[in-house]
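File shown: my_file32.cif (mmCIF, C-alpha atoms).
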```
data_start
loop_
_atom_site.label_atom_id
_atom_site.label_comp_id
_atom_site.auth_asym_id
_atom_site.auth_seq_id
_atom_site.Cartn_x
_atom_site.Cartn_y
_atom_site.Cartn_z
CA MET E 15 102.53 46.97 -138.51
CA MET E 16 104.39 46.18 -135.30
CA ILE E 17 108.06 45.36 -135.80
CA SER E 18 109.82 43.05 -133.38
CA PHE E 19 113.21 44.29 -132.17
CA PRO E 20 115.56 42.68 -129.67
CA PHE E 21 114.88 45.09 -126.81
CA HIS E 22 112.78 45.01 -123.73
CA LEU E 23 111.05 47.82 -121.93
CA ARG E 24 112.09 48.75 -118.43
CA ASP E 25 109.57 47.86 -115.73
CA GLY E 26 109.09 51.17 -113.95
CA ASP E 27 107.32 49.59 -110.97
CA ALA E 28 110.25 47.22 -110.37
CA ALA E 29 112.84 49.99 -110.81
CA ALA E 30 110.98 52.30 -108.38
CA ALA E 31 110.67 49.47 -105.83
CA GLU E 32 114.37 48.71 -106.15
CA SER E 33 115.43 52.36 -105.77
CA PRO E 34 112.57 54.17 -104.00
CA TYR E 35 114.66 57.20 -103.02
CA THR E 36 116.09 57.93 -106.45
CA PHE E 37 113.82 56.45 -109.17
CA PHE E 38 110.54 58.33 -109.47
CA ILE E 39 107.63 57.48 -111.74
CA PRO E 40 104.05 58.78 -111.82
CA LEU E 41 101.66 57.06 -109.45
CA ARG E 42 99.80 54.06 -110.88
CA GLU E 43 96.56 56.05 -110.55
CA GLU E 44 98.08 58.61 -112.93
CA ARG E 45 99.49 56.02 -115.36
CA VAL E 46 96.14 54.23 -115.81
CA GLN E 47 94.60 57.54 -116.95
CA VAL E 48 96.88 57.70 -120.01
CA ALA E 49 94.82 57.94 -123.20
CA VAL E 50 95.28 58.11 -126.95
CA GLY E 51 97.23 61.26 -127.83
CA ASP E 52 99.24 61.43 -124.59
CA LEU E 53 103.02 61.09 -124.66
CA VAL E 54 104.66 58.60 -122.33
CA LYS E 55 108.32 58.04 -121.64
CA LEU E 56 109.50 54.43 -121.86
CA GLY E 57 112.88 52.90 -121.05
CA PHE E 58 114.20 50.86 -123.98
CA GLU E 59 116.88 48.39 -122.88
CA TYR E 60 118.76 46.75 -125.72
CA ASP E 61 119.40 43.01 -125.88
CA TRP E 62 122.41 43.40 -128.18
CA ASP E 63 125.89 44.89 -127.84
CA THR E 64 125.74 48.61 -128.45
CA GLN E 65 128.54 51.06 -129.15
CA ASP E 66 127.47 53.67 -126.63
CA TYR E 67 124.46 53.02 -124.42
CA ALA E 68 122.73 49.85 -123.20
CA GLY E 69 119.39 51.66 -123.33
CA GLU E 70 117.65 54.97 -123.68
CA ARG E 71 114.49 56.68 -122.47
CA MET E 72 112.26 57.92 -125.25
CA TRP E 73 108.82 59.44 -125.74
CA VAL E 74 106.05 57.37 -127.34
CA GLU E 75 102.73 58.83 -128.50
CA VAL E 76 99.83 56.61 -127.45
CA THR E 77 97.74 55.48 -130.45
CA GLU E 78 95.63 52.68 -128.89
CA LYS E 79 94.54 51.60 -125.44
CA ALA E 80 92.85 48.37 -124.35
CA GLY E 81 92.62 48.18 -120.58
CA LEU E 82 96.16 48.42 -119.19
CA THR E 83 97.78 47.52 -122.53
CA LEU E 84 98.77 50.34 -124.86
CA THR E 85 100.28 50.82 -128.28
CA GLY E 86 102.10 53.87 -129.51
CA THR E 87 104.59 55.25 -131.99
CA LEU E 88 108.11 56.30 -131.12
CA ALA E 89 108.21 60.11 -131.04
CA ASN E 90 112.00 60.46 -130.57
CA GLU E 91 114.86 59.94 -132.96
CA PRO E 92 116.68 57.02 -131.28
CA TRP E 93 120.41 57.16 -130.71
CA GLU E 94 120.71 53.43 -131.33
CA LYS E 95 120.60 52.12 -134.91
CA GLY E 96 117.85 49.61 -135.68
CA LEU E 97 115.09 51.67 -134.08
CA GLU E 98 113.45 54.57 -135.80
CA ARG E 99 111.05 57.40 -135.13
CA GLY E 100 107.47 56.32 -135.88
CA MET E 101 107.98 52.62 -135.14
CA GLU E 102 105.09 50.98 -133.27
CA VAL E 103 105.62 49.83 -129.68
CA ALA E 104 103.33 47.78 -127.41
CA PHE E 105 103.62 48.37 -123.66
CA GLY E 106 101.79 48.28 -120.35
CA VAL E 107 101.20 50.89 -117.65
CA GLU E 108 104.06 49.32 -115.67
CA ASN E 109 106.47 50.52 -118.38
CA ILE E 110 105.47 54.20 -118.15
CA LEU E 111 108.24 56.31 -116.61
CA ASP E 112 106.78 59.77 -117.26
CA ILE E 113 103.70 61.37 -118.86
CA GLU E 114 103.06 64.46 -120.97
CA TRP E 115 99.29 64.88 -121.14
CA ALA E 116 97.78 65.89 -124.49
CA LYS E 117 95.17 67.84 -122.46
CA PRO E 118 96.94 68.82 -119.21
CA ASP E 119 93.99 70.91 -117.99
CA GLN E 120 91.97 67.68 -117.66
CA HIS E 121 94.46 66.07 -115.25
CA PRO E 122 95.54 67.04 -111.76
CA PRO E 123 99.24 67.81 -111.29
CA PHE E 124 101.47 64.80 -110.68
CA HIS E 125 102.03 63.65 -107.17
CA LYS E 126 104.94 65.69 -105.89
CA HIS E 127 107.72 63.48 -104.60
CA GLN E 128 109.52 64.55 -101.48
CA SER E 129 113.24 65.04 -101.63
CA TYR E 130 115.54 62.17 -100.75
CA TRP E 131 116.56 63.72 -97.43
CA SER E 132 113.05 64.44 -96.21
CA ARG E 133 112.16 60.76 -96.65
CA CYS E 134 115.18 59.35 -94.82
#
```
What do you get writing this file as structure tokens?
Amino acid sequence: MMISFPFHLRDGDAAAAESPYTFFIPLREERVQVAVGDLVKLGFEYDWDTQDYAGERMWVEVTEKAGLTLTGTLANEPWEKGLERGMEVAFGVENILDIEWAKPDQHPPFHKHQSYWSRC
């Protein structure tokens, strides 16, 4: 059962476009290959006043995939109260900030990003 919480997920494509020299995400070609069993890192940004952090990046294990829409369960223990490990989260490939493949030998290595200085 999916629980609705007052948070939104960071749009990785928008963040990378806004800060191309410092915010790196896997290529879209890599993100669309995510499958059930893979772990993906998502950016949870809270829509309420928090004591410490306005958001956190956490791992989610993919449990379902329908096209570019995915569902998974939170694999981290959140710092923020109100979220809990195992809760179900719906997201899109645009929200994926990092990937840990369940079967890494079936995927080529991630695109290696050049350093900031070599791209200036």
Item checked: Interatomic distance (Å, one decimal) between CA of Glu78 (chain E) and CA of Val107 (chain E) -> 12.7 Å
Item checked: Atomic separation - CA of Leu56 (chain E) relative to CA of Arg24 (chain E), Å ->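 According to the coordinates, CA of Arg24 (chain E) and CA of Leu56 (chain E) are separated by 7.1 Å.
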Notebook entry, point to check: Mind telling me what the PyMOL selection byres ((chain E and resi 81) around 10) catches here, as a list in words?
Noted result: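 Taken over the shown coordinates, the PyMOL selection byres ((chain E and resi 81) around 10) returns Val46, Glu78, Lys79, Ala80, Leu82, Thr83, Leu84, Gly106 and Val107 of chain E.
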Next item on the list: Rounded to one decimal place, report the CA of Gly86 (chain E)-CA of Leu23 (chain E) distance in Å.
Entry: 13.2 Å
Note to self: Under the PyMOL selection byres ((chain E and resi 27) around 10), which residues of this model are included? Write them out as a list in words.
What the structure shows: Arg24, Asp25, Gly26, Ala28, Ala29, Ala30, Ala31, Glu32, Pro34, Phe37, Phe38, Ile39, Pro40, Leu41, Arg42, Val107, Glu108, Asn109, Ile110 and Leu111 of chain E
For region 106-124 of chain E, what centre and edge lengths in Å (one decimal) does the axis-aligned box get once 6 Å is added on each side of all its listed atoms, as lines of an AutoDock Vina configuration file?
```
center_x = 100.1
center_y = 59.6
center_z = -117.6
size_x = 28.3
size_y = 34.6
size_z = 25.8
```
Notebook entry, point to check: Applied to the shown file, which residues does the PyMOL selection byres ((chain E and resi 117) around 12) return, written as a PyMOL selection string?
Noted result: chain E and resi 47-53+113-116+118-123
Notebook entry, point to check: So, counting all atoms listed in the file, which residue among E:Lys55, E:Phe105, E:Arg45, E:Asp112 is closest to Ala89 (chain E)?
Noted result: E:Lys55
Next item on the list: For Glu59 (chain E), list every protein, DNA or RNA residue within 8 Å, evaluated using all atoms listed in the file, and leave out those in the same chain fewer than 3 positions away; present the list as a ChimeraX atom specification.
Entry: /E:21-24,68-70
Margin query: Please determine, counting only C-alpha atoms, which residue among E:Ser33, E:Glu43, E:Gly96, E:Val103 has the shortest atom-to-atom distance to Val76 (chain E).
Written below: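 Once distances to Val76 (chain E) are computed over only C-alpha atoms, the minimum belongs to E:Val103.
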